[in-house]
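Novice: My file is start22.cif. It has mmCIF, C-alpha atoms:
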```cif
data_protein
loop_
_atom_site.label_atom_id
_atom_site.label_comp_id
_atom_site.auth_asym_id
_atom_site.auth_seq_id
_atom_site.Cartn_x
_atom_site.Cartn_y
_atom_site.Cartn_z
CA MET A 1 -81.17 -1.78 164.74
CA THR A 2 -84.32 -3.57 163.77
CA ALA A 3 -87.19 -3.97 166.17
CA ARG A 4 -87.21 -7.23 168.06
CA ALA A 5 -88.96 -9.03 170.88
CA PRO A 6 -87.41 -8.44 174.31
CA THR A 7 -87.03 -12.19 174.81
CA ASP A 8 -84.93 -12.66 171.68
CA SER A 9 -81.82 -14.65 172.59
CA LEU A 10 -80.03 -14.46 169.25
CA ALA A 11 -79.99 -10.74 168.48
CA GLY A 12 -78.41 -7.96 170.47
CA GLY A 13 -74.70 -8.75 170.36
CA PHE A 14 -71.96 -6.39 169.26
CA ALA A 15 -72.30 -5.46 165.58
CA ASP A 16 -68.63 -4.39 165.39
CA ALA A 17 -67.06 -6.41 168.18
CA PRO A 18 -63.42 -5.24 168.02
CA ARG A 19 -64.18 -1.52 168.29
CA GLN A 20 -67.24 -1.71 170.52
CA SER A 21 -65.66 -4.07 173.01
CA ALA A 22 -62.47 -1.98 173.17
CA ARG A 23 -64.46 1.19 173.88
CA ALA A 24 -66.58 -0.55 176.49
CA PHE A 25 -63.53 -2.10 178.14
CA ARG A 26 -61.88 1.29 178.32
CA ALA A 27 -64.96 2.79 179.99
CA MET A 28 -65.18 -0.06 182.48
CA MET A 29 -61.48 0.16 183.31
CA GLU A 30 -61.89 3.88 183.87
CA ALA A 31 -64.88 3.24 186.12
CA MET A 32 -62.94 0.69 188.17
CA ALA A 33 -59.85 2.94 188.38
CA ARG A 34 -61.88 5.93 189.61
CA PRO A 35 -64.54 4.58 191.94
CA GLY A 36 -67.66 6.70 192.04
CA THR A 37 -67.43 7.98 188.48
CA ILE A 38 -70.27 7.04 186.14
CA HIS A 39 -69.62 6.05 182.54
CA ALA A 40 -71.84 5.20 179.57
CA LEU A 41 -71.74 1.85 177.77
CA ALA A 42 -73.33 1.06 174.42
CA GLY A 43 -73.34 -1.49 171.64
CA ALA A 44 -75.44 -4.38 172.91
CA ALA A 45 -79.16 -5.02 173.31
CA PRO A 46 -79.55 -7.91 175.75
CA PRO A 47 -82.97 -9.44 176.41
CA ALA A 48 -85.07 -8.18 179.34
CA PRO A 49 -84.55 -7.87 182.25
CA LEU A 50 -80.87 -7.17 181.60
CA SER A 51 -79.85 -3.54 181.26
CA VAL A 52 -77.71 -2.47 178.31
CA ALA A 53 -74.76 -1.79 180.60
CA ALA A 54 -74.99 -5.20 182.28
CA GLY A 55 -75.17 -6.93 178.90
CA VAL A 56 -72.17 -5.02 177.55
CA ALA A 57 -70.20 -5.74 180.73
CA LEU A 58 -70.81 -9.47 180.33
CA LEU A 59 -69.95 -9.39 176.62
CA VAL A 60 -66.66 -7.66 177.41
CA LEU A 61 -65.58 -9.58 180.51
CA ALA A 62 -67.02 -13.08 180.31
CA ASP A 63 -66.05 -15.92 177.98
CA GLY A 64 -66.02 -19.69 177.88
CA THR A 65 -63.58 -19.93 180.81
CA THR A 66 -65.49 -17.74 183.28
CA PRO A 67 -68.52 -19.26 185.03
CA VAL A 68 -71.41 -16.80 185.34
CA HIS A 69 -74.05 -16.86 188.06
CA LEU A 70 -77.47 -15.40 187.26
CA ALA A 71 -79.47 -14.32 190.31
CA GLY A 72 -83.20 -13.72 190.62
CA ALA A 73 -85.07 -12.35 187.63
CA ALA A 74 -81.91 -12.34 185.49
CA ASP A 75 -81.98 -16.15 185.57
CA CYS A 76 -84.51 -16.62 182.76
CA ALA A 77 -84.47 -18.63 179.55
CA ALA A 78 -83.91 -15.58 177.32
CA VAL A 79 -80.84 -14.43 179.24
CA ARG A 80 -79.45 -17.96 179.47
CA GLY A 81 -79.84 -18.37 175.73
CA TRP A 82 -78.32 -14.97 175.02
CA ILE A 83 -75.25 -15.78 177.13
CA ALA A 84 -74.92 -19.18 175.48
CA PHE A 85 -75.03 -17.76 171.95
CA HIS A 86 -73.04 -14.54 172.35
CA ILE A 87 -70.62 -15.34 175.17
CA GLY A 88 -70.48 -19.11 175.60
CA ALA A 89 -69.91 -18.79 179.33
CA PRO A 90 -70.96 -21.70 181.54
CA LEU A 91 -73.60 -20.95 184.17
CA ALA A 92 -72.62 -21.78 187.73
CA ALA A 93 -73.72 -21.64 191.33
CA ALA A 94 -72.89 -18.50 193.30
CA GLU A 95 -69.99 -20.16 195.12
CA GLU A 96 -68.18 -21.11 191.89
CA ALA A 97 -68.91 -18.09 189.74
CA ASP A 98 -66.36 -15.62 188.40
CA PHE A 99 -69.15 -13.21 187.54
CA ALA A 100 -72.51 -12.79 189.22
CA LEU A 101 -75.34 -10.77 187.74
CA GLY A 102 -78.59 -9.64 189.31
CA ARG A 103 -80.33 -7.16 191.54
CA TRP A 104 -78.76 -6.49 194.93
CA ALA A 105 -81.57 -8.20 196.85
CA ASP A 106 -81.14 -11.33 194.70
CA LEU A 107 -77.36 -11.40 195.10
CA CYS A 108 -77.50 -11.13 198.91
CA PRO A 109 -76.01 -12.60 200.99
CA VAL A 110 -72.91 -11.49 199.08
CA ASP A 111 -70.48 -13.26 201.42
CA ARG A 112 -71.16 -16.50 199.51
CA PHE A 113 -69.21 -15.26 196.46
CA ARG A 114 -65.57 -16.16 196.00
CA THR A 115 -63.14 -13.72 197.54
CA GLY A 116 -59.91 -15.43 196.47
CA ASP A 117 -57.31 -16.64 198.94
CA PRO A 118 -54.34 -14.75 200.38
CA ALA A 119 -51.89 -16.18 197.83
CA TYR A 120 -54.26 -15.62 194.89
CA PRO A 121 -56.60 -12.74 195.71
CA ASP A 122 -57.42 -12.48 191.99
CA ARG A 123 -59.41 -15.72 192.15
CA SER A 124 -62.45 -13.80 193.28
CA ALA A 125 -65.83 -12.96 191.86
CA THR A 126 -66.92 -9.76 190.16
CA LEU A 127 -70.50 -8.75 190.89
CA ILE A 128 -72.56 -6.91 188.30
CA VAL A 129 -75.37 -5.36 190.31
CA GLU A 130 -78.43 -4.00 188.54
CA VAL A 131 -79.65 -0.93 190.41
CA ALA A 132 -82.76 1.15 189.79
CA ARG A 133 -80.92 4.41 190.39
CA LEU A 134 -77.29 5.40 189.89
CA ALA A 135 -76.19 8.86 191.01
CA PRO A 136 -73.10 10.48 192.54
CA GLU A 137 -74.69 10.94 195.93
CA GLY A 138 -75.17 8.95 199.12
CA PRO A 139 -72.46 6.90 200.86
CA ARG A 140 -69.00 8.47 200.98
CA LEU A 141 -66.14 6.72 199.16
CA THR A 142 -62.43 7.18 199.85
CA GLY A 143 -59.38 5.21 198.79
CA PRO A 144 -57.19 4.57 195.74
CA GLY A 145 -58.38 6.36 192.63
CA ILE A 146 -60.33 8.99 194.55
CA ARG A 147 -58.67 12.38 194.99
CA ASP A 148 -60.60 13.54 198.04
CA ILE A 149 -63.96 11.91 198.48
CA ALA A 150 -66.61 10.61 196.11
CA HIS A 151 -70.24 9.73 196.58
CA LEU A 152 -72.18 6.93 194.95
CA SER A 153 -75.71 5.66 195.48
CA LEU A 154 -74.85 2.15 196.74
CA PRO A 155 -77.48 -0.51 197.46
CA GLY A 156 -75.85 -1.23 200.84
CA VAL A 157 -73.00 -0.07 203.04
CA ALA A 158 -72.38 -2.80 205.61
CA ALA A 159 -71.67 -5.48 202.98
CA PHE A 160 -69.07 -3.30 201.24
CA ARG A 161 -67.42 -2.39 204.55
CA ALA A 162 -67.14 -6.09 205.40
CA ASN A 163 -65.71 -6.75 201.94
CA ARG A 164 -63.13 -3.96 202.38
CA ALA A 165 -62.04 -5.54 205.67
CA LEU A 166 -61.06 -8.74 203.82
CA PHE A 167 -58.44 -6.93 201.71
CA PRO A 168 -56.44 -8.16 199.78
CA ARG A 169 -59.24 -10.70 199.39
CA GLY A 170 -62.74 -9.61 198.40
CA PHE A 171 -65.03 -9.23 195.44
CA ASP A 172 -65.21 -6.28 193.06
CA THR A 173 -68.48 -4.70 192.07
CA PHE A 174 -69.93 -3.03 189.01
CA LEU A 175 -73.21 -1.14 189.37
CA THR A 176 -75.31 -0.90 186.22
CA CYS A 177 -78.40 1.15 185.51
CA GLY A 178 -79.71 1.47 181.95
CA ASP A 179 -76.69 2.28 179.80
CA ARG A 180 -74.58 3.64 182.67
CA ILE A 181 -72.02 1.89 184.81
CA ALA A 182 -70.01 2.66 187.93
CA ALA A 183 -67.61 0.48 189.88
CA LEU A 184 -66.63 -0.19 193.45
CA PRO A 185 -63.36 -2.13 193.74
CA ARG A 186 -62.52 -3.94 196.97
CA THR A 187 -59.98 -1.22 197.84
CA THR A 188 -62.59 1.51 198.35
CA LEU A 189 -63.54 2.47 201.89
CA VAL A 190 -67.29 3.04 202.19
CA GLU A 191 -68.86 5.18 204.93
CA ASP A 192 -72.33 6.45 205.56
CA ALA A 193 -72.76 9.97 204.22
CA MET B 1 -76.92 -53.85 159.47
CA THR B 2 -79.80 -51.43 159.68
CA THR B 3 -79.80 -48.23 157.68
CA MET B 4 -79.89 -45.07 159.74
CA PRO B 5 -82.88 -42.80 159.13
CA GLU B 6 -81.91 -39.71 157.19
CA THR B 7 -82.93 -37.18 159.82
CA ALA B 8 -83.24 -33.47 159.23
CA GLU B 9 -80.19 -32.87 161.37
CA ARG B 10 -78.04 -35.20 159.28
CA GLN B 11 -79.23 -33.52 156.11
CA ARG B 12 -78.44 -30.09 157.51
CA ARG B 13 -75.00 -31.26 158.59
CA GLY B 14 -74.44 -32.42 155.02
CA TRP B 15 -75.30 -29.14 153.33
CA MET B 16 -73.45 -27.09 155.94
CA ALA B 17 -70.31 -29.14 155.28
CA LEU B 18 -70.80 -28.76 151.53
CA LEU B 19 -71.17 -24.97 151.81
CA ALA B 20 -68.19 -24.70 154.15
CA LYS B 21 -65.91 -26.64 151.82
CA ALA B 22 -67.09 -25.02 148.58
CA PRO B 23 -64.65 -22.69 146.82
CA PRO B 24 -65.76 -19.15 147.82
CA ALA B 25 -65.71 -17.86 144.22
CA ARG B 26 -67.86 -20.76 142.99
CA LEU B 27 -70.42 -20.26 145.78
CA ALA B 28 -70.56 -16.54 144.97
CA ALA B 29 -71.18 -17.36 141.30
CA LEU B 30 -74.01 -19.80 142.11
CA LEU B 31 -75.63 -17.56 144.73
CA PRO B 32 -74.87 -13.99 143.66
CA ASP B 33 -77.86 -12.24 145.23
CA LEU B 34 -78.54 -12.59 148.94
CA PRO B 35 -82.02 -11.85 150.34
CA ALA B 36 -82.39 -9.27 153.10
CA HIS B 37 -80.97 -10.61 156.33
CA GLU B 38 -80.04 -9.49 159.82
CA MET B 39 -76.56 -10.26 161.12
CA LEU B 40 -76.96 -12.05 164.45
CA ARG B 41 -73.24 -12.62 164.62
CA PRO B 42 -71.25 -10.69 162.03
CA PRO B 43 -68.49 -12.73 160.34
CA GLU B 44 -65.58 -13.14 162.74
CA THR B 45 -62.34 -15.02 162.31
CA GLY B 46 -60.76 -17.24 164.93
CA ALA B 47 -58.95 -20.51 165.42
CA VAL B 48 -60.36 -23.90 166.32
CA MET B 49 -58.39 -26.92 167.48
CA VAL B 50 -58.78 -29.86 165.13
CA ARG B 51 -58.64 -33.12 167.03
CA GLY B 52 -57.78 -36.48 165.58
CA ARG B 53 -57.86 -40.10 166.64
CA ALA B 54 -55.51 -42.78 165.34
CA GLY B 55 -57.45 -45.96 164.73
CA GLY B 56 -60.70 -46.99 166.33
CA THR B 57 -59.20 -47.31 169.80
CA GLY B 58 -56.62 -44.50 169.74
CA ALA B 59 -56.84 -41.67 172.21
CA ALA B 60 -57.86 -38.27 170.87
CA PHE B 61 -54.97 -35.92 170.20
CA ASN B 62 -54.69 -32.33 169.02
CA LEU B 63 -53.87 -32.35 165.33
CA GLY B 64 -53.42 -28.61 164.99
CA GLU B 65 -55.17 -25.28 164.91
CA MET B 66 -57.16 -24.17 161.93
CA THR B 67 -58.36 -20.72 160.94
CA VAL B 68 -62.13 -20.50 160.61
CA THR B 69 -64.63 -17.72 160.04
CA ARG B 70 -68.09 -18.05 161.51
CA CYS B 71 -71.29 -16.14 160.91
CA SER B 72 -74.95 -16.31 161.94
CA VAL B 73 -77.79 -14.58 160.12
CA ARG B 74 -81.56 -14.33 160.32
CA LEU B 75 -83.77 -13.86 157.30
CA ALA B 76 -86.81 -11.61 157.28
CA GLY B 77 -89.03 -14.70 157.70
CA GLY B 78 -87.29 -15.73 160.91
CA ALA B 79 -85.11 -18.60 159.61
CA VAL B 80 -81.70 -18.64 161.31
CA GLY B 81 -78.62 -19.83 159.44
CA HIS B 82 -75.14 -20.56 160.75
CA ALA B 83 -71.83 -21.16 159.01
CA TRP B 84 -68.29 -22.00 159.99
CA VAL B 85 -65.96 -21.94 157.01
CA GLN B 86 -62.27 -22.55 156.60
CA GLY B 87 -60.06 -19.51 156.11
CA ARG B 88 -60.72 -15.84 156.65
CA ASP B 89 -63.16 -15.06 153.84
CA ARG B 90 -65.93 -13.12 155.59
CA ALA B 91 -68.14 -12.96 152.49
CA HIS B 92 -67.94 -16.74 152.15
CA ALA B 93 -69.09 -17.21 155.75
CA ALA B 94 -71.99 -14.79 155.33
CA ARG B 95 -73.07 -16.41 152.04
CA ALA B 96 -72.90 -19.91 153.51
CA ALA B 97 -74.96 -18.79 156.53
CA VAL B 98 -77.62 -17.24 154.30
CA ALA B 99 -77.73 -20.42 152.20
CA ASP B 100 -78.18 -22.47 155.38
CA ALA B 101 -81.07 -20.22 156.41
CA LEU B 102 -82.65 -20.42 152.95
CA MET B 103 -82.55 -24.21 153.14
CA GLN B 104 -85.04 -23.96 156.02
CA THR B 105 -87.50 -21.89 154.00
CA PRO B 106 -89.75 -22.73 151.03
CA ALA B 107 -86.81 -21.67 148.82
CA ALA B 108 -85.00 -24.88 149.83
CA ASP B 109 -85.71 -26.71 146.56
CA ARG B 110 -84.40 -23.82 144.50
CA ILE B 111 -81.21 -23.66 146.58
CA ARG B 112 -80.78 -27.42 146.48
CA ALA B 113 -81.07 -27.55 142.71
CA GLY B 114 -79.26 -24.32 141.91
CA VAL B 115 -76.47 -24.29 144.48
CA LEU B 116 -76.04 -27.50 146.44
CA ALA B 117 -76.36 -29.96 143.53
CA PRO B 118 -73.68 -28.28 141.37
CA LEU B 119 -71.38 -27.91 144.38
CA ALA B 120 -71.83 -31.56 145.32
CA ALA B 121 -71.17 -32.68 141.74
CA GLU B 122 -68.03 -30.58 141.51
CA ALA B 123 -66.80 -31.78 144.90
CA ALA B 124 -67.32 -35.39 143.83
CA ALA B 125 -65.55 -34.77 140.50
CA ALA B 126 -62.60 -33.14 142.25
CA ARG B 127 -62.39 -36.03 144.68
CA GLU B 128 -62.42 -38.57 141.86
CA ALA B 129 -59.83 -36.67 139.84
CA ARG B 130 -57.55 -36.63 142.85
CA ALA B 131 -58.16 -40.30 143.56
CA GLY B 132 -57.49 -41.04 139.88
CA LYS B 133 -54.19 -39.19 139.96
CA ALA B 134 -53.18 -41.04 143.07
CA ALA B 135 -54.25 -44.39 141.60
CA ALA B 136 -52.04 -43.81 138.55
CA THR B 137 -48.98 -43.79 140.78
CA ARG B 138 -49.86 -47.05 142.48
CA VAL B 139 -47.16 -49.70 142.51
CA ASP B 140 -48.04 -53.34 143.02
CA PHE B 141 -45.35 -55.36 144.72
CA PHE B 142 -45.11 -59.06 144.21
CA THR B 143 -42.44 -61.58 144.95
CA LEU B 144 -40.75 -63.69 142.29
CA VAL B 145 -39.50 -67.10 143.09
CA ARG B 146 -36.49 -66.61 145.30
CA GLY B 147 -35.11 -70.11 145.16
CA GLU B 148 -35.31 -71.19 148.77
CA ASP B 149 -37.80 -73.94 147.95
CA GLN B 150 -35.53 -75.70 145.51
#
```
Translate this structure into structure tokens?
Specialist:
Amino acid sequence: MTARAPTDSLAGGFADAPRQSARAFRAMMEAMARPGTIHALAGAAPPAPLSVAAGVALLVLADGTTPVHLAGAADCAAVRGWIAFHIGAPLAAAEEADFALGRWADLCPVDRFRTGDPAYPDRSATLIVEVARLAPEGPRLTGPGIRDIAHLSLPGVAAFRANRALFPRGFDTFLTCGDRIAALPRTTLVEDA
Amino acid sequence: MTTMPETAERQRRGWMALLAKAPPARLAALLPDLPAHEMLRPPETGAVMVRGRAGGTGAAFNLGEMTVTRCSVRLAGGAVGHAWVQGRDRAHAARAAVADALMQTPAADRIRAGVLAPLAAEAAAAREARAGKAAATRVDFFTLVRGEDQ
């Protein structure tokens, strides 16, 4: 890949979209199916401050029918332009978004995101949280997809416990750090380690 | 009636349409060598809905889906070119995008004379030949005296 400015909105998409998006989707599905496991994503080079994993996740999941909310530093001209050119997703307020992207502090309070309704719990938001550190340690995770217990360095515990209490409603979460991704579906029970 | 100013956007629309509609083999013959370029969006094939409107006041309706291939490139100098062409010819889309980018560089005059002018002339000739064929089949109806007036 040629060198480029970090604010470049036109470069940095998939070079071989069918294969790269299928591989990335598989890794993200695996992450969501086994909460606490950490997977690597590759193939995209989004503009700063987006991490590679967050950019790939958006390329794979979002399209013209899914409103995206950019929170905090992620809401800059370069990222807006990159999403417009490579994804074509409309940008929306937090309350209407299908996907929300940003650092945890910028996404809070997370109870403003859509959690679906009892008849259609799938009409909920998916958060893509940029974290500075992602490691299999910290809060204890149990629930579907976890054999015994798992640990994951979450940015908060109380918010995820409240989200779990809404089940079957609730949002799902991806955590991204550099080129690595982990997931926390609404089914996972989170406890302090 | 005032004449509309020929803005840069209208001109670009014109050459993009010309490149998109050109026969792929003819475009390849006129522009065989492409300069170094970066693929911003590699050629990808998809479908677009073509919408139509019957008459000046008719409501828009969906005419049908059409297969298109689109591509975006950037030249070493920074010029960005886009193309959406009919069909699934990836090389055609890439070549049209590079030509669009070249039209925004000092090479524009060379491209206009060497590529766009011949394509435009051939497109006009094809259109006239088709119109000529159609005109040859024209039937003029007229009414002879039918006798009611007598």
Novice: Could you pull the residues within 10 Å of stretch 147-152 of chain A, counting only C-alpha atoms, minus those fewer than 6 positions along the same chain, as a PyMOL selection string?
Specialist: chain A and resi 34-38+134-141+175+182-184+190-193
Novice: Can you list what the PyMOL selection byres ((chain B) within 10 of (chain A)) grabs from this structure, as a compact mmCIF listing (two decimals) with C-alpha atoms, in the coordinates of the input?
Specialist:
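Saved file selection-v3.txt follows:
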```txt
# COMPACT_ATOMS: atom_id res chain seq x y z
CA GLU B 38 -80.04 -9.49 159.82
CA MET B 39 -76.56 -10.26 161.12
CA LEU B 40 -76.96 -12.05 164.45
CA ARG B 41 -73.24 -12.62 164.62
CA PRO B 42 -71.25 -10.69 162.03
CA PRO B 43 -68.49 -12.73 160.34
CA GLU B 44 -65.58 -13.14 162.74
CA SER B 72 -74.95 -16.31 161.94
CA VAL B 73 -77.79 -14.58 160.12
CA ARG B 74 -81.56 -14.33 160.32
CA VAL B 80 -81.70 -18.64 161.31
```
Novice: Stretch 62-91 of chain A near stretch 48-51 of chain A within 8 Å: what's each residue's closest atom pair and its distance in Å to one decimal, counting all atoms listed in the file, ordered by chain then ascending residue number, as CSV?
Specialist:
```
residue,atom,partner,partner_atom,distance
A:Ala73,CA,A:Pro49,CA,7.0
A:Ala74,CA,A:Pro49,CA,6.1
A:Ala78,CA,A:Ala48,CA,7.8
A:Val79,CA,A:Ala48,CA,7.5
```
Novice: Evaluate the PyMOL selection byres ((chain A and resi 110) around 10) and record the selected residues as a tab-separated table (two decimals) with C-alpha atoms, in the frame of the given file, following the chain and residue labels used in the document.
Specialist:
```tsv
chain	number	residue	atom	x	y	z
A	94	ALA	CA	-72.89	-18.50	193.30
A	95	GLU	CA	-69.99	-20.16	195.12
A	100	ALA	CA	-72.51	-12.79	189.22
A	104	TRP	CA	-78.76	-6.49	194.93
A	105	ALA	CA	-81.57	-8.20	196.85
A	106	ASP	CA	-81.14	-11.33	194.70
A	107	LEU	CA	-77.36	-11.40	195.10
A	108	CYS	CA	-77.50	-11.13	198.91
A	109	PRO	CA	-76.01	-12.60	200.99
A	111	ASP	CA	-70.48	-13.26	201.42
A	112	ARG	CA	-71.16	-16.50	199.51
A	113	PHE	CA	-69.21	-15.26	196.46
A	114	ARG	CA	-65.57	-16.16	196.00
A	127	LEU	CA	-70.50	-8.75	190.89
A	159	ALA	CA	-71.67	-5.48	202.98
A	160	PHE	CA	-69.07	-3.30	201.24
A	163	ASN	CA	-65.71	-6.75	201.94
A	171	PHE	CA	-65.03	-9.23	195.44
```
Novice: B:Ala29: which residues within 12 Å, counting all atoms listed in the file, same-chain residues fewer than 2 positions away excluded, as number ranges by chain?
Specialist: B: 22-27, 31-34, 92, 95, 114-115, 118-119
Novice: Mind giving me the straight-line distance from atom CA of A:Leu154 to atom CA of A:Met29 in Å, one decimal?
Specialist: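 Taking atom CA of A:Leu154 and atom CA of A:Met29, their separation equals 19.1 Å.
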Novice: Rounded to one decimal, what separation in Å do you get between atom CA of B:Arg12 and atom CA of B:Gly64?
Specialist: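 Value for the atom CA of B:Arg12-atom CA of B:Gly64 distance: 26.2 Å.
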Novice: Which residues are near A:Phe167? Cut-off 12 Å, all atoms listed in the file, ignore same chain within fewer than 5 positions. Put them as a PyMOL selection string.
Specialist: chain A and resi 115-122+124+160-162+172+185-189
Novice: What does the distance from atom CA of A:Gly55 to atom CA of A:Cys177 come to in Å, to one decimal?
Specialist: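 Interatomic distance, atom CA of A:Gly55 to atom CA of A:Cys177: 10.9 Å.
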Novice: Please enumerate the residues selected by the PyMOL selection byres ((chain A and resi 97) around 7) when evaluated against the supplied file, formatted as number ranges by chain.
Specialist: A: 67-69, 92-96, 98-100, 125
Novice: Suppose we keep C-alpha atoms; can you now write the selection as a PDB file, in the frame of the given file?
Specialist:
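Final output, saved to result_1.pdb:
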```pdb
ATOM      1  CA  PRO A  67     -68.520 -19.260 185.030  1.00  0.00           C
ATOM      2  CA  VAL A  68     -71.410 -16.800 185.340  1.00  0.00           C
ATOM      3  CA  HIS A  69     -74.050 -16.860 188.060  1.00  0.00           C
ATOM      4  CA  ALA A  92     -72.620 -21.780 187.730  1.00  0.00           C
ATOM      5  CA  ALA A  93     -73.720 -21.640 191.330  1.00  0.00           C
ATOM      6  CA  ALA A  94     -72.890 -18.500 193.300  1.00  0.00           C
ATOM      7  CA  GLU A  95     -69.990 -20.160 195.120  1.00  0.00           C
ATOM      8  CA  GLU A  96     -68.180 -21.110 191.890  1.00  0.00           C
ATOM      9  CA  ASP A  98     -66.360 -15.620 188.400  1.00  0.00           C
ATOM     10  CA  PHE A  99     -69.150 -13.210 187.540  1.00  0.00           C
ATOM     11  CA  ALA A 100     -72.510 -12.790 189.220  1.00  0.00           C
ATOM     12  CA  ALA A 125     -65.830 -12.960 191.860  1.00  0.00           C
TER      13      ALA A 125
END
```
Novice: At a cut-off of 9 Å from (-72.0, -32.1, 150.2) in the coordinates of the file, what residues are picked up using all atoms listed in the file, written as a PDB file with C-alpha atoms, in the coordinates of the input?
Specialist:
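Once written, selection_26.pdb looks like this:
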```pdb
ATOM      1  CA  ARG B  13     -75.000 -31.260 158.590  1.00  0.00           C
ATOM      2  CA  GLY B  14     -74.440 -32.420 155.020  1.00  0.00           C
ATOM      3  CA  TRP B  15     -75.300 -29.140 153.330  1.00  0.00           C
ATOM      4  CA  MET B  16     -73.450 -27.090 155.940  1.00  0.00           C
ATOM      5  CA  ALA B  17     -70.310 -29.140 155.280  1.00  0.00           C
ATOM      6  CA  LEU B  18     -70.800 -28.760 151.530  1.00  0.00           C
ATOM      7  CA  LEU B  19     -71.170 -24.970 151.810  1.00  0.00           C
ATOM      8  CA  LYS B  21     -65.910 -26.640 151.820  1.00  0.00           C
ATOM      9  CA  ALA B  22     -67.090 -25.020 148.580  1.00  0.00           C
ATOM     10  CA  LEU B 116     -76.040 -27.500 146.440  1.00  0.00           C
ATOM     11  CA  ALA B 117     -76.360 -29.960 143.530  1.00  0.00           C
ATOM     12  CA  LEU B 119     -71.380 -27.910 144.380  1.00  0.00           C
ATOM     13  CA  ALA B 120     -71.830 -31.560 145.320  1.00  0.00           C
ATOM     14  CA  ALA B 121     -71.170 -32.680 141.740  1.00  0.00           C
ATOM     15  CA  ALA B 123     -66.800 -31.780 144.900  1.00  0.00           C
ATOM     16  CA  ALA B 124     -67.320 -35.390 143.830  1.00  0.00           C
TER      17      ALA B 124
END
```
Novice: Which residues come within 8 Å of A:Ile87, counting all atoms listed in the file, excluding same-chain residues fewer than 4 positions away, as an NGL selection string?
Specialist: :A and (58-59 or 62-64 or 82-83)
Novice: Could you take the residues named above and write them with C-alpha atoms, as a CSV table (one decimal), in the coordinates of the input?
Specialist:
```csv
chain,number,residue,atom,x,y,z
A,58,LEU,CA,-70.8,-9.5,180.3
A,59,LEU,CA,-70.0,-9.4,176.6
A,62,ALA,CA,-67.0,-13.1,180.3
A,63,ASP,CA,-66.0,-15.9,178.0
A,64,GLY,CA,-66.0,-19.7,177.9
A,82,TRP,CA,-78.3,-15.0,175.0
A,83,ILE,CA,-75.2,-15.8,177.1
```
Novice: I need the residue nearest B:Thr69 from this list: B:Leu144, B:Ala113, B:Leu30, B:Ala20. Use only C-alpha atoms for the distance.
Specialist: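 Ranked by minimum distance to B:Thr69, first place goes to B:Ala20.
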Novice: Determine, counting all atoms listed in the file, every residue of protein, DNA or RNA that lies within 12 Å of (-88.3, -16.7, 160.4) in the file coordinates, then give the result as a PyMOL selection string.
Specialist: chain B and resi 36-38+73-81+101-106
Novice: Would you place a box with edges along x, y and z of the file around all atoms of stretch 27-46 of chain B listed there, add 3 Å to each of its six sides, and report the centre and edge lengths in Å to one decimal, as JSON?
Specialist:
```
{"center_x": -71.6, "center_y": -14.8, "center_z": 153.1, "size_x": 27.6, "size_y": 17.0, "size_z": 29.6}
```
Novice: For B:Ala97, which residue among B:Gln11, B:Val50, B:Pro35, B:Arg130 is the nearest when counting all atoms listed in the file?
Specialist: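 Of B:Gln11, B:Val50, B:Pro35, B:Arg130, the one nearest B:Ala97, counting all atoms listed in the file, is B:Pro35.
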